[in-house]
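Asks: Quick one, query_11.cif (mmCIF, C-alpha atoms):
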data_upload
#
loop_
_atom_site.label_atom_id
_atom_site.label_comp_id
_atom_site.auth_asym_id
_atom_site.auth_seq_id
_atom_site.Cartn_x
_atom_site.Cartn_y
_atom_site.Cartn_z
CA MET R 1 -64.08 130.56 4.36
CA ILE R 2 -65.56 131.55 0.97
CA PRO R 3 -68.90 133.09 1.91
CA ALA R 4 -70.54 133.03 -1.53
CA VAL R 5 -69.69 129.37 -2.11
CA ARG R 6 -70.77 128.38 1.41
CA GLN R 7 -74.05 130.27 1.16
CA ALA R 8 -74.88 128.70 -2.21
CA TYR R 9 -74.11 125.21 -0.92
CA ASN R 10 -76.12 125.60 2.28
CA ALA R 11 -79.10 127.09 0.44
CA ALA R 12 -79.24 124.19 -2.03
CA PHE R 13 -78.71 121.44 0.54
CA THR R 14 -81.55 119.04 1.32
CA ASP R 15 -81.73 115.97 3.52
CA ALA R 16 -82.88 113.96 0.48
CA ARG R 17 -79.72 114.85 -1.46
CA TYR R 18 -77.57 113.90 1.53
CA ALA R 19 -79.40 110.56 1.83
CA ALA R 20 -78.75 109.82 -1.86
CA PHE R 21 -75.10 110.81 -1.38
CA MET R 22 -74.75 108.38 1.53
CA ARG R 23 -76.49 105.56 -0.38
CA ASP R 24 -73.98 105.91 -3.20
CA LEU R 25 -71.01 105.98 -0.84
CA THR R 26 -72.25 102.89 1.00
CA LYS R 27 -73.04 100.83 -2.11
CA THR R 28 -70.14 101.74 -4.41
CA MET R 29 -67.54 99.47 -2.77
CA TYR R 30 -67.85 95.89 -1.48
CA TRP R 31 -67.28 97.12 2.10
CA PRO R 32 -69.61 99.88 3.33
CA VAL R 33 -68.89 103.15 5.10
CA ASP R 34 -68.69 102.55 8.86
CA PHE R 35 -68.28 106.11 10.12
CA ARG R 36 -70.17 109.37 9.91
CA VAL R 37 -69.65 111.42 6.76
CA ALA R 38 -70.34 115.14 6.96
CA GLU R 39 -73.12 116.78 4.98
CA SER R 40 -70.65 119.08 3.29
CA PRO R 41 -67.05 119.51 2.27
CA PHE R 42 -65.12 122.47 3.61
CA PHE R 43 -64.11 125.31 1.30
CA LEU R 44 -60.64 126.77 1.79
CA ASP R 45 -59.91 130.15 0.27
CA GLU R 46 -56.59 130.66 -1.48
CA GLN R 47 -54.99 132.36 1.53
CA ALA R 48 -55.86 129.56 3.96
CA ALA R 49 -54.82 126.84 1.50
CA GLY R 50 -51.51 128.63 0.97
CA GLU R 51 -51.01 128.91 4.74
CA LEU R 52 -51.50 125.13 5.08
CA VAL R 53 -48.89 124.55 2.39
CA ARG R 54 -46.43 126.87 4.13
CA ALA R 55 -47.03 125.08 7.44
CA ALA R 56 -46.40 121.73 5.75
CA ASP R 57 -43.20 123.01 4.12
CA ASP R 58 -41.95 124.29 7.48
CA ILE R 59 -42.49 120.92 9.17
CA ILE R 60 -41.09 118.85 6.27
CA ALA R 61 -37.94 121.01 6.32
CA GLN R 62 -37.40 120.20 10.00
CA LEU R 63 -38.06 116.48 9.49
CA SER R 64 -35.37 116.46 6.78
CA THR R 65 -32.52 117.56 9.09
CA PRO R 66 -29.79 115.44 10.73
CA ALA R 67 -30.97 116.85 14.07
CA PHE R 68 -34.35 115.20 13.58
CA ARG R 69 -32.69 111.88 12.71
CA GLN R 70 -30.86 112.08 16.02
CA HIS R 71 -34.07 112.93 17.91
CA ALA R 72 -35.97 110.05 16.26
CA LYS R 73 -33.41 107.43 17.37
CA THR R 74 -35.23 107.06 20.69
CA ALA R 75 -38.75 106.95 19.22
CA ILE R 76 -39.22 103.19 18.83
CA PRO R 77 -40.16 101.27 22.00
CA LYS R 78 -37.69 98.56 22.96
CA GLY R 79 -38.30 95.31 21.12
CA LEU R 80 -40.53 96.79 18.39
CA GLU R 81 -37.94 97.80 15.78
CA VAL R 82 -38.42 96.17 12.36
CA PRO R 83 -35.47 95.31 10.04
CA LYS R 84 -34.76 96.94 6.66
CA GLU R 85 -35.99 100.43 7.43
CA ASN R 86 -36.54 102.64 4.39
CA PRO R 87 -34.43 105.84 4.18
CA PHE R 88 -37.62 107.94 4.11
CA PRO R 89 -41.29 107.23 4.71
CA GLU R 90 -43.46 106.73 1.64
CA PHE R 91 -46.44 108.13 3.55
CA LEU R 92 -46.95 110.96 6.00
CA CYS R 93 -50.03 112.57 7.58
CA VAL R 94 -49.98 115.98 9.26
CA ASP R 95 -53.07 117.16 11.18
CA PHE R 96 -53.76 120.87 11.62
CA ALA R 97 -56.47 122.63 13.59
CA LEU R 98 -57.75 125.70 11.77
CA CYS R 99 -57.46 128.56 14.26
CA LYS R 100 -57.79 132.33 14.14
CA ASP R 101 -54.57 134.26 13.65
CA ASP R 102 -54.98 136.69 16.55
CA ARG R 103 -52.55 139.59 16.70
CA PRO R 104 -50.44 140.28 19.81
CA ASP R 105 -52.76 143.19 20.67
CA GLY R 106 -55.61 140.71 21.01
CA GLN R 107 -57.35 141.78 17.82
CA ALA R 108 -58.37 139.16 15.23
CA SER R 109 -56.66 139.48 11.85
CA GLY R 110 -59.42 137.63 10.04
CA LYS R 111 -56.88 135.11 8.74
CA ILE R 112 -56.48 131.43 9.54
CA LEU R 113 -53.38 130.11 11.29
CA PRO R 114 -53.00 126.29 11.10
CA GLN R 115 -51.86 124.72 14.37
CA LEU R 116 -50.28 121.26 14.40
CA ILE R 117 -52.22 118.65 16.37
CA GLU R 118 -50.44 115.43 15.43
CA LEU R 119 -48.36 113.87 12.66
CA GLN R 120 -47.64 110.29 11.66
CA GLY R 121 -45.20 108.55 9.32
CA PHE R 122 -48.04 106.24 8.33
CA PRO R 123 -50.69 106.10 5.57
CA THR R 124 -54.26 107.24 5.95
CA VAL R 125 -57.54 106.74 4.06
CA ALA R 126 -55.97 108.03 0.84
CA CYS R 127 -58.10 106.16 -1.71
CA TRP R 128 -61.36 106.75 0.15
CA GLN R 129 -60.74 110.47 -0.35
CA VAL R 130 -61.02 109.96 -4.12
CA LEU R 131 -64.42 108.32 -3.78
CA LEU R 132 -65.58 110.94 -1.28
CA ALA R 133 -64.61 113.91 -3.48
CA GLN R 134 -66.29 112.27 -6.48
CA ALA R 135 -69.50 111.73 -4.49
CA TYR R 136 -69.60 115.30 -3.17
CA ARG R 137 -69.20 116.65 -6.71
CA HIS R 138 -71.85 114.31 -8.16
CA HIS R 139 -74.53 115.06 -5.57
CA PHE R 140 -73.71 118.70 -4.84
CA PRO R 141 -72.96 120.57 -8.11
CA GLU R 142 -72.70 123.82 -6.12
CA ILE R 143 -69.02 122.93 -5.59
CA PRO R 144 -67.22 125.24 -8.08
CA ALA R 145 -65.73 123.49 -11.11
CA GLY R 146 -62.33 125.11 -10.58
CA PHE R 147 -61.91 123.74 -7.06
CA THR R 148 -59.88 120.66 -6.10
CA THR R 149 -58.83 118.67 -3.05
CA TYR R 150 -55.37 117.94 -4.51
CA PHE R 151 -52.05 119.78 -4.22
CA GLY R 152 -48.93 120.17 -6.33
CA GLY R 153 -50.86 120.63 -9.56
CA LEU R 154 -52.27 117.09 -9.37
CA ASP R 155 -55.66 116.02 -10.63
CA GLU R 156 -57.38 112.73 -9.72
CA GLU R 157 -55.38 110.73 -12.27
CA GLY R 158 -52.08 112.25 -11.14
CA TYR R 159 -52.95 111.64 -7.51
CA LEU R 160 -53.75 107.96 -8.09
CA SER R 161 -50.50 107.65 -10.06
CA ALA R 162 -48.57 109.05 -7.07
CA LEU R 163 -50.29 106.58 -4.73
CA ARG R 164 -49.62 103.72 -7.14
CA GLU R 165 -45.91 104.54 -7.20
CA ALA R 166 -45.76 104.77 -3.40
CA MET R 167 -47.69 101.54 -2.75
CA LEU R 168 -46.54 99.25 -5.57
CA GLY R 169 -43.07 100.50 -6.40
CA GLU R 170 -41.81 98.28 -9.24
CA PHE R 171 -44.11 95.32 -8.56
CA MET R 172 -47.36 94.01 -10.03
CA PRO R 173 -50.50 94.46 -7.92
CA GLU R 174 -50.89 90.72 -7.23
CA ASN R 175 -47.50 90.72 -5.49
CA VAL R 176 -48.40 93.62 -3.21
CA VAL R 177 -50.84 93.33 -0.29
CA LEU R 178 -52.51 95.84 1.99
CA LEU R 179 -51.73 94.27 5.36
CA GLU R 180 -54.13 94.75 8.26
CA ILE R 181 -55.70 92.92 11.21
CA GLU R 182 -59.13 91.65 10.14
CA PRO R 183 -59.49 94.36 7.48
CA ALA R 184 -63.22 93.77 6.91
CA LYS R 185 -63.89 94.65 10.57
CA GLN R 186 -61.90 97.90 10.61
CA LYS R 187 -63.62 101.29 10.62
CA THR R 188 -61.51 102.14 7.57
CA ALA R 189 -62.57 99.04 5.60
CA VAL R 190 -64.15 101.14 2.86
CA ASP R 191 -60.73 102.71 2.19
CA PHE R 192 -59.22 99.23 1.83
CA ALA R 193 -61.91 98.37 -0.72
CA CYS R 194 -61.18 101.65 -2.54
CA THR R 195 -57.46 100.82 -2.59
CA HIS R 196 -58.27 97.44 -4.16
CA SER R 197 -60.64 99.02 -6.69
CA TYR R 198 -58.44 101.94 -7.78
CA LEU R 199 -54.96 100.41 -7.50
CA GLY R 200 -55.45 96.63 -7.50
CA VAL R 201 -53.85 96.19 -4.06
CA ARG R 202 -55.93 93.66 -2.16
CA PRO R 203 -56.60 93.83 1.59
CA MET R 204 -55.03 90.92 3.48
CA CYS R 205 -55.36 89.88 7.11
CA VAL R 206 -52.05 89.25 8.86
CA THR R 207 -53.27 85.73 9.71
CA LYS R 208 -53.62 84.85 5.99
CA VAL R 209 -49.93 85.39 5.23
CA VAL R 210 -47.52 82.43 5.39
CA LYS R 211 -43.74 82.40 5.59
CA ARG R 212 -41.40 80.13 3.60
CA GLY R 213 -37.82 80.82 4.56
CA ARG R 214 -37.45 84.58 4.23
CA GLN R 215 -40.37 84.98 1.82
CA LEU R 216 -44.05 85.71 2.42
CA PHE R 217 -46.99 84.25 0.48
CA TYR R 218 -50.78 84.28 0.40
CA PHE R 219 -53.17 81.78 -1.17
CA SER R 220 -55.34 82.70 -4.16
CA GLY R 221 -57.18 80.33 -6.47
CA GLY R 222 -55.46 77.31 -4.97
CA ARG R 223 -51.92 78.63 -5.47
CA GLU R 224 -49.34 80.38 -3.34
CA VAL R 225 -48.70 83.93 -4.53
CA PRO R 226 -45.40 85.54 -3.45
CA ILE R 227 -45.58 88.87 -1.63
CA HIS R 228 -42.80 91.21 -2.73
CA ARG R 229 -44.08 94.40 -1.14
CA VAL R 230 -46.31 95.15 1.86
CA PHE R 231 -48.49 98.25 2.05
CA ASN R 232 -48.61 98.30 5.83
CA ARG R 233 -51.79 99.45 7.58
CA VAL R 234 -51.21 97.53 10.82
CA ILE R 235 -51.23 99.74 13.91
CA PHE R 236 -48.72 98.35 16.41
CA ASP R 237 -50.94 99.26 19.35
CA GLU R 238 -53.66 96.99 17.98
CA LEU R 239 -51.20 94.24 17.05
CA LEU R 240 -49.87 94.10 20.61
CA ARG R 241 -53.34 94.24 22.11
CA LYS R 242 -55.06 91.61 19.91
CA LYS R 243 -52.10 89.26 19.34
CA PRO R 244 -53.52 87.65 16.16
CA ALA R 245 -52.36 84.13 15.25
CA MET R 246 -49.70 85.09 12.70
CA LYS R 247 -47.40 82.73 10.81
CA PHE R 248 -44.64 85.34 10.58
CA SER R 249 -43.33 88.20 12.69
CA PHE R 250 -42.76 91.83 11.77
CA HIS R 251 -39.37 91.41 13.38
CA ASP R 252 -38.25 88.59 11.06
CA ASP R 253 -35.53 89.34 8.50
CA LEU R 254 -37.87 89.08 5.51
CA ASP R 255 -37.18 89.30 1.79
CA VAL R 256 -39.91 91.92 1.33
CA GLN R 257 -40.17 95.64 0.71
CA TRP R 258 -42.28 97.84 2.97
CA ALA R 259 -44.52 100.56 1.53
CA GLY R 260 -44.62 102.53 4.71
CA HIS R 261 -42.01 100.83 6.89
CA PRO R 262 -43.37 100.13 10.40
CA ASN R 263 -40.51 101.99 12.08
CA TRP R 264 -41.75 105.30 10.65
CA TYR R 265 -45.00 104.89 12.58
CA PHE R 266 -42.92 105.67 15.68
CA ARG R 267 -40.16 107.89 14.30
CA ILE R 268 -42.63 110.48 12.96
CA SER R 269 -45.33 110.56 15.61
CA LYS R 270 -46.27 112.31 18.85
CA HIS R 271 -42.63 111.67 19.79
CA THR R 272 -41.73 114.30 17.15
CA LEU R 273 -43.83 117.13 18.60
CA PRO R 274 -41.34 118.44 21.22
CA PHE R 275 -38.65 118.60 18.51
CA LEU R 276 -40.57 120.95 16.21
CA GLN R 277 -40.21 124.72 16.58
CA SER R 278 -42.56 126.78 14.45
CA PRO R 279 -45.38 129.33 14.62
CA TYR R 280 -47.53 126.45 13.33
CA VAL R 281 -46.62 124.15 16.26
CA PRO R 282 -48.04 124.69 19.78
CA GLU R 283 -45.67 124.40 22.75
CA CYS R 284 -45.08 120.76 23.64
CA HIS R 285 -42.84 118.91 26.15
CA PHE R 286 -42.16 115.38 27.29
CA VAL R 287 -43.59 115.16 30.80
CA SER R 288 -40.27 113.67 31.95
CA GLN R 289 -38.47 116.84 30.82
CA LEU R 290 -40.74 119.39 32.48
CA ARG R 291 -38.76 121.68 34.78
CA LYS R 292 -42.01 122.74 36.41
CA ILE R 293 -45.67 122.09 35.79
CA PRO R 294 -47.40 125.11 34.19
CA THR R 295 -49.74 127.02 36.46
CA ASP R 296 -52.34 127.38 33.69
CA LEU R 297 -52.98 123.67 33.12
CA GLU R 298 -56.45 124.47 31.80
CA ASN R 299 -54.61 125.52 28.61
CA TYR R 300 -52.87 122.15 28.16
CA VAL R 301 -53.69 118.59 27.15
CA CYS R 302 -51.80 115.47 28.26
CA LYS R 303 -51.25 112.76 25.63
CA PRO R 304 -49.72 109.29 25.77
CA LEU R 305 -47.04 108.77 23.12
CA TYR R 306 -48.14 105.29 22.11
CA SER R 307 -51.84 105.37 21.46
CA PHE R 308 -54.06 105.75 18.41
CA ALA R 309 -57.26 107.64 17.55
CA GLY R 310 -57.19 109.79 20.69
CA LEU R 311 -57.14 106.92 23.20
CA GLY R 312 -55.93 107.95 26.65
CA VAL R 313 -55.83 111.71 25.99
CA ASP R 314 -56.46 113.78 29.14
CA ILE R 315 -58.03 117.11 28.14
CA THR R 316 -58.23 118.34 31.75
CA PRO R 317 -54.88 117.45 33.34
CA THR R 318 -54.10 118.42 36.92
CA LYS R 319 -50.86 118.59 38.89
CA GLU R 320 -51.98 115.45 40.72
CA SER R 321 -52.75 113.48 37.53
CA ILE R 322 -49.44 114.50 35.97
CA ALA R 323 -47.50 113.58 39.11
CA ALA R 324 -49.20 110.17 39.12
CA ILE R 325 -48.05 109.24 35.61
CA PRO R 326 -45.89 106.09 36.10
CA ASN R 327 -43.87 106.50 32.89
CA PRO R 328 -43.55 110.27 32.23
CA ALA R 329 -41.09 109.74 29.35
CA GLU R 330 -44.01 108.26 27.41
CA TRP R 331 -46.35 111.24 27.89
CA LEU R 332 -46.56 114.71 26.39
CA LEU R 333 -47.92 117.95 27.77
CA GLN R 334 -49.09 120.08 24.84
CA ARG R 335 -50.65 123.54 24.82
CA LYS R 336 -54.24 123.43 23.65
CA VAL R 337 -55.28 125.24 20.53
CA ALA R 338 -58.52 127.13 20.03
CA TYR R 339 -60.26 125.77 16.95
CA ALA R 340 -62.08 128.55 15.14
CA PRO R 341 -65.81 127.91 14.56
CA ILE R 342 -65.43 128.95 10.93
CA MET R 343 -67.81 126.77 8.92
CA GLU R 344 -71.40 127.95 8.87
CA THR R 345 -74.00 125.18 9.04
CA PRO R 346 -77.79 125.22 9.50
CA ASP R 347 -77.51 124.40 13.22
CA GLY R 348 -74.46 126.39 14.24
CA PRO R 349 -70.83 126.71 13.17
CA ALA R 350 -68.47 123.75 12.93
CA LYS R 351 -64.79 123.57 13.77
CA VAL R 352 -62.39 122.09 11.22
CA GLU R 353 -59.29 119.91 11.33
CA VAL R 354 -57.41 119.32 8.08
CA ARG R 355 -55.13 116.33 7.57
CA LEU R 356 -52.55 116.88 4.86
CA ILE R 357 -51.71 113.67 2.99
CA PHE R 358 -48.18 113.07 1.67
CA ALA R 359 -46.90 110.30 -0.61
CA GLY R 360 -43.55 109.50 -2.23
CA ASP R 361 -41.25 106.79 -3.50
CA GLY R 362 -39.08 106.57 -0.37
CA SER R 363 -36.02 108.22 -1.92
CA GLN R 364 -36.77 111.54 -0.19
CA MET R 365 -39.41 113.04 2.07
CA PRO R 366 -42.86 112.51 0.53
CA LYS R 367 -44.75 115.29 -1.25
CA LEU R 368 -48.04 116.92 -0.30
CA VAL R 369 -50.73 115.44 -2.55
CA ASN R 370 -54.20 115.61 -0.95
CA ASN R 371 -56.17 116.30 2.21
CA LEU R 372 -59.01 115.10 4.35
CA ALA R 373 -61.06 117.18 6.75
CA ARG R 374 -62.88 116.40 9.98
CA LEU R 375 -65.74 118.58 11.14
CA THR R 376 -66.77 118.80 14.78
CA LYS R 377 -69.05 120.69 17.11
CA GLY R 378 -67.87 118.90 20.25
CA ALA R 379 -64.86 119.26 22.52
CA MET R 380 -62.81 116.84 20.41
CA HIS R 381 -62.84 115.29 16.94
CA GLY R 382 -64.32 111.96 17.97
CA VAL R 383 -67.61 110.12 17.63
CA ASP R 384 -68.31 110.27 21.37
CA PHE R 385 -68.00 114.07 21.35
CA ASN R 386 -70.35 114.56 18.38
CA LYS R 387 -73.22 112.16 19.05
CA GLY R 388 -76.56 113.44 17.82
CA ARG R 389 -74.99 116.32 15.90
CA THR R 390 -75.25 117.04 12.18
CA TRP R 391 -72.79 118.55 9.70
CA VAL R 392 -69.94 116.80 11.51
CA GLY R 393 -67.69 113.87 10.63
CA ALA R 394 -65.41 112.84 7.77
CA SER R 395 -65.06 115.30 4.92
CA CYS R 396 -62.54 116.90 2.57
CA ALA R 397 -61.42 120.46 1.84
CA PHE R 398 -61.84 121.91 -1.64
CA HIS R 399 -59.74 124.92 -2.61
CA PRO R 400 -59.08 126.94 -5.77
CA ALA R 401 -56.91 124.90 -8.14
CA VAL R 402 -53.73 126.99 -7.99
CA ARG R 403 -50.88 124.94 -9.46
CA ASP R 404 -48.26 125.79 -6.84
CA LEU R 405 -50.47 124.69 -3.91
#
When written as structure tokens, how does the structure in this file appear?
Replies:
Amino acid sequence: MIPAVRQAYNAAFTDARYAAFMRDLTKTMYWPVDFRVAESPFFLDEQAAGELVRAADDIIAQLSTPAFRQHAKTAIPKGLEVPKENPFPEFLCVDFALCKDDRPDGQASGKILPQLIELQGFPTVACWQVLLAQAYRHHFPEIPAGFTTYFGGLDEEGYLSALREAMLGEFMPENVVLLEIEPAKQKTAVDFACTHSYLGVRPMCVTKVVKRGRQLFYFSGGREVPIHRVFNRVIFDELLRKKPAMKFSFHDDLDVQWAGHPNWYFRISKHTLPFLQSPYVPECHFVSQLRKIPTDLENYVCKPLYSFAGLGVDITPTKESIAAIPNPAEWLLQRKVAYAPIMETPDGPAKVEVRLIFAGDGSQMPKLVNNLARLTKGAMHGVDFNKGRTWVGASCAFHPAVRDL
């Protein structure tokens, strides 16, 4: 994206520096990194960063309308609604593939056009991104000093302040927990440790929480500590699948605030995709609402509404496989996007997906604050599609620090 910066970085890169980078990442927190981290960040030029911001603004504007509220009423599966829903989500993630902006005449413009892949009214590895950006800068000084991963004029301190407001609200850290199922065993455990380190919010397994009347507590140092606010990282798919031995239910009428209310996990999700109309959003339909199956199915992907991390996605649907879907109202048919192989690496170009990270106080739609990037050379952004490859995996996107981005 910025040839001079990319060339300088690639020329200075060594396997020894990457090994030192990974040692620091693994040892800094009490839980290690359990996923592949890419050898490099991605460098967005000002035009591409601005295009991502415009795409985000377009989608946020649509999510703020009464029409979207009406659409989202049917998003939550029966029996999974949680009481005391917040007016707005404190957290939002929006994933864009970076694609070439081809003109109608078939000629490439040379510009990048973000294309929406998925979105979720749910938090992501927000604190891990702080540690990751710090580590890249420390081990690879070729990253220009005037570049940042943050948006809205934020620096690291301002970003952590925004996260603190979204997670803790008005409460002290000891009365707020990061709720998860066996957090130490999750792939994102290092982010939970980062959240504890940077913000004081401790990871807590759902089985360690007790209920007294309408209140929740956890034990620490031989005493019961009241929980006033829950930073929710529990994925409902996993909760239903694992059925952990909990002493409370998400569906109880609890005297607790949610930082990221569970209902928003469904309301802003794959269910949202058919609602959105934008040059940044590929064509998408509920399978149940298809008038006819497209003849060019090789250009589409079929996705289940209620799955996580790409589970169940059919990248080669057929008329027969679509016709055999038993619950078509819970599946989407979405036009594929062509990721641009835009990041030069020593063993061939990588494709890039950028997740925009939003946070807020729940009084309005959250604001764009940071990003993460995922680099791939396979058919999809998953471990199974990138085995044995280098310069792929978790990353972040640095861009020129323009205050209005």
Asks: Check the smallest atom-to-atom distance from each of R:Pro304, R:Pro203, R:Thr195, R:Glu81 to Pro326 of chain R using only C-alpha atoms, then report the winner.
Replies: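 The answer is R:Pro304, which sits nearest to Pro326 of chain R.
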Asks: Any chance you could work out the residue set of the PyMOL selection byres ((chain R and resi 168-173) around 8) here, as a PyMOL selection string?
Replies: chain R and resi 164-167+174-177+199-202+228-229+231+259+361
Asks: If I put a ball of radius 10 Å at (-42.9, 122.9, 15.4) in the file's coordinates, which residues poke into it when counting only C-alpha atoms, written as an mmCIF file with C-alpha atoms, in the coordinates of the input?
Replies:
data_model
loop_
_atom_site.group_PDB
_atom_site.id
_atom_site.type_symbol
_atom_site.label_atom_id
_atom_site.label_comp_id
_atom_site.auth_asym_id
_atom_site.auth_seq_id
_atom_site.Cartn_x
_atom_site.Cartn_y
_atom_site.Cartn_z
ATOM 1 C CA ALA R 55 -47.030 125.080 7.440
ATOM 2 C CA ASP R 58 -41.950 124.290 7.480
ATOM 3 C CA ILE R 59 -42.490 120.920 9.170
ATOM 4 C CA GLN R 62 -37.400 120.200 10.000
ATOM 5 C CA LEU R 63 -38.060 116.480 9.490
ATOM 6 C CA GLN R 115 -51.860 124.720 14.370
ATOM 7 C CA LEU R 116 -50.280 121.260 14.400
ATOM 8 C CA THR R 272 -41.730 114.300 17.150
ATOM 9 C CA LEU R 273 -43.830 117.130 18.600
ATOM 10 C CA PRO R 274 -41.340 118.440 21.220
ATOM 11 C CA PHE R 275 -38.650 118.600 18.510
ATOM 12 C CA LEU R 276 -40.570 120.950 16.210
ATOM 13 C CA GLN R 277 -40.210 124.720 16.580
ATOM 14 C CA SER R 278 -42.560 126.780 14.450
ATOM 15 C CA PRO R 279 -45.380 129.330 14.620
ATOM 16 C CA TYR R 280 -47.530 126.450 13.330
ATOM 17 C CA VAL R 281 -46.620 124.150 16.260
ATOM 18 C CA PRO R 282 -48.040 124.690 19.780
ATOM 19 C CA GLU R 283 -45.670 124.400 22.750
ATOM 20 C CA CYS R 284 -45.080 120.760 23.640
#
Asks: Name the closest residue to Lys187 of chain R among the candidates R:Asp347, R:Glu238, R:Asp34, R:Asp15; distances are taken between atoms, counting only C-alpha atoms.
Replies: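 Checking each candidate against Lys187 of chain R, we get R:Asp34 as the closest.
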Asks: Return the single residue from R:Lys247, R:Arg233, R:Arg6, R:His71 that is closest to Lys211 of chain R, with distances computed using only C-alpha atoms.
Replies: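 Once distances to Lys211 of chain R are computed over only C-alpha atoms, the minimum belongs to R:Lys247.
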Asks: Kindly indicate which residue among R:Glu298, R:Glu224, R:Glu39, R:Asp101 lies nearest to Arg374 of chain R, using all atoms listed in the file for the distances.
Replies: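 Checking each candidate against Arg374 of chain R, we get R:Glu39 as the closest.
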Asks: Take the PyMOL selection byres ((chain R and resi 181-185) around 10), apply it to the structure above, and return the hits as a compact mmCIF listing (two decimals) with C-alpha atoms, in the coordinates of the input.
Replies:
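Saved file part.txt follows:
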# COMPACT_ATOMS: atom_id res chain seq x y z
CA TYR R 30 -67.85 95.89 -1.48
CA TRP R 31 -67.28 97.12 2.10
CA PRO R 32 -69.61 99.88 3.33
CA ASP R 34 -68.69 102.55 8.86
CA LEU R 178 -52.51 95.84 1.99
CA LEU R 179 -51.73 94.27 5.36
CA GLU R 180 -54.13 94.75 8.26
CA GLN R 186 -61.90 97.90 10.61
CA LYS R 187 -63.62 101.29 10.62
CA THR R 188 -61.51 102.14 7.57
CA ALA R 189 -62.57 99.04 5.60
CA VAL R 190 -64.15 101.14 2.86
CA ASP R 191 -60.73 102.71 2.19
CA PHE R 192 -59.22 99.23 1.83
CA ALA R 193 -61.91 98.37 -0.72
CA PRO R 203 -56.60 93.83 1.59
CA MET R 204 -55.03 90.92 3.48
CA CYS R 205 -55.36 89.88 7.11
CA VAL R 206 -52.05 89.25 8.86
CA THR R 207 -53.27 85.73 9.71
CA LYS R 208 -53.62 84.85 5.99
CA ARG R 233 -51.79 99.45 7.58
CA VAL R 234 -51.21 97.53 10.82
CA ILE R 235 -51.23 99.74 13.91
CA GLU R 238 -53.66 96.99 17.98
CA LEU R 239 -51.20 94.24 17.05
CA LYS R 242 -55.06 91.61 19.91
CA LYS R 243 -52.10 89.26 19.34
CA PRO R 244 -53.52 87.65 16.16
CA MET R 246 -49.70 85.09 12.70
Asks: Atom CA of Pro349 of chain R to atom CA of Cys396 of chain R: how many Å, to one decimal?
Replies: 16.7 Å
Asks: With all atoms listed in the file as the counted atoms, please give the residues lying no more than 10 Å from Ala323 of chain R, apart from itself and same-chain residues fewer than 5 positions off, as a tab-separated table (two decimals) with C-alpha atoms, keeping the file's coordinate frame.
Replies:
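around-v5.tsv, freshly written:
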chain	number	residue	atom	x	y	z
R	287	VAL	CA	-43.59	115.16	30.80
R	293	ILE	CA	-45.67	122.09	35.79
R	318	THR	CA	-54.10	118.42	36.92
R	328	PRO	CA	-43.55	110.27	32.23
Asks: Excluding Ser269 of chain R and residues on its chain fewer than 2 positions from it, collect all residues at most 9 Å away from it, counting all atoms listed in the file, and give them as a ChimeraX atom specification.
Replies: /R:75,118-122,264-267,271-273,305-306
Asks: Taking the file as shown, what set of residues would the PyMOL selection byres ((chain R and resi 352) around 10) give back, as a list in words?
Replies: Phe42, Phe96, Ala97, Leu98, Cys99, Tyr339, Ala340, Pro341, Ile342, Met343, Pro349, Ala350, Lys351, Glu353, Val354, Arg355, Ala373, Arg374, Leu375, Thr376, Lys377, His381, Val392, Gly393, Ser395 and Ala397 of chain R
Asks: Let me make sure I understand: among R:Ile117, R:Asp255, R:Arg389, R:Ser321, which one has the smallest atom-to-atom distance to Arg335 of chain R if we use all atoms listed in the file?
Replies: R:Ile117
Asks: Select, from R:Phe236, R:Tyr136, R:Phe250, R:Phe398, the residue with the minimum atom-to-atom distance to Asp24 of chain R, counting only C-alpha atoms.
Replies: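 Closest to Asp24 of chain R, using only C-alpha atoms: R:Tyr136.
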Asks: Complete segment 299-306 of chain R with N, CA and C atoms (output as a PDB file, in the coordinates of the input).
Replies:
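The result, stored in selection.pdb:
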ATOM      1  N   ASN R 299     -54.989 125.233  30.001  1.00  0.00           N
ATOM      2  CA  ASN R 299     -54.610 125.520  28.610  1.00  0.00           C
ATOM      3  C   ASN R 299     -53.772 124.406  27.992  1.00  0.00           C
ATOM      4  N   TYR R 300     -53.699 123.253  28.654  1.00  0.00           N
ATOM      5  CA  TYR R 300     -52.870 122.150  28.160  1.00  0.00           C
ATOM      6  C   TYR R 300     -53.673 120.860  28.062  1.00  0.00           C
ATOM      7  N   VAL R 301     -53.145 119.935  27.268  1.00  0.00           N
ATOM      8  CA  VAL R 301     -53.690 118.590  27.150  1.00  0.00           C
ATOM      9  C   VAL R 301     -52.539 117.615  27.357  1.00  0.00           C
ATOM     10  N   CYS R 302     -52.818 116.490  27.991  1.00  0.00           N
ATOM     11  CA  CYS R 302     -51.800 115.470  28.260  1.00  0.00           C
ATOM     12  C   CYS R 302     -52.080 114.263  27.374  1.00  0.00           C
ATOM     13  N   LYS R 303     -51.063 113.831  26.616  1.00  0.00           N
ATOM     14  CA  LYS R 303     -51.250 112.760  25.630  1.00  0.00           C
ATOM     15  C   LYS R 303     -50.239 111.639  25.856  1.00  0.00           C
ATOM     16  N   PRO R 304     -50.688 110.391  25.777  1.00  0.00           N
ATOM     17  CA  PRO R 304     -49.720 109.290  25.770  1.00  0.00           C
ATOM     18  C   PRO R 304     -49.052 109.194  24.398  1.00  0.00           C
ATOM     19  N   LEU R 305     -47.767 108.891  24.383  1.00  0.00           N
ATOM     20  CA  LEU R 305     -47.040 108.770  23.120  1.00  0.00           C
ATOM     21  C   LEU R 305     -47.585 107.633  22.263  1.00  0.00           C
ATOM     22  N   TYR R 306     -47.852 106.500  22.876  1.00  0.00           N
ATOM     23  CA  TYR R 306     -48.140 105.290  22.110  1.00  0.00           C
ATOM     24  C   TYR R 306     -49.604 104.916  22.229  1.00  0.00           C
TER      25      TYR R 306
END
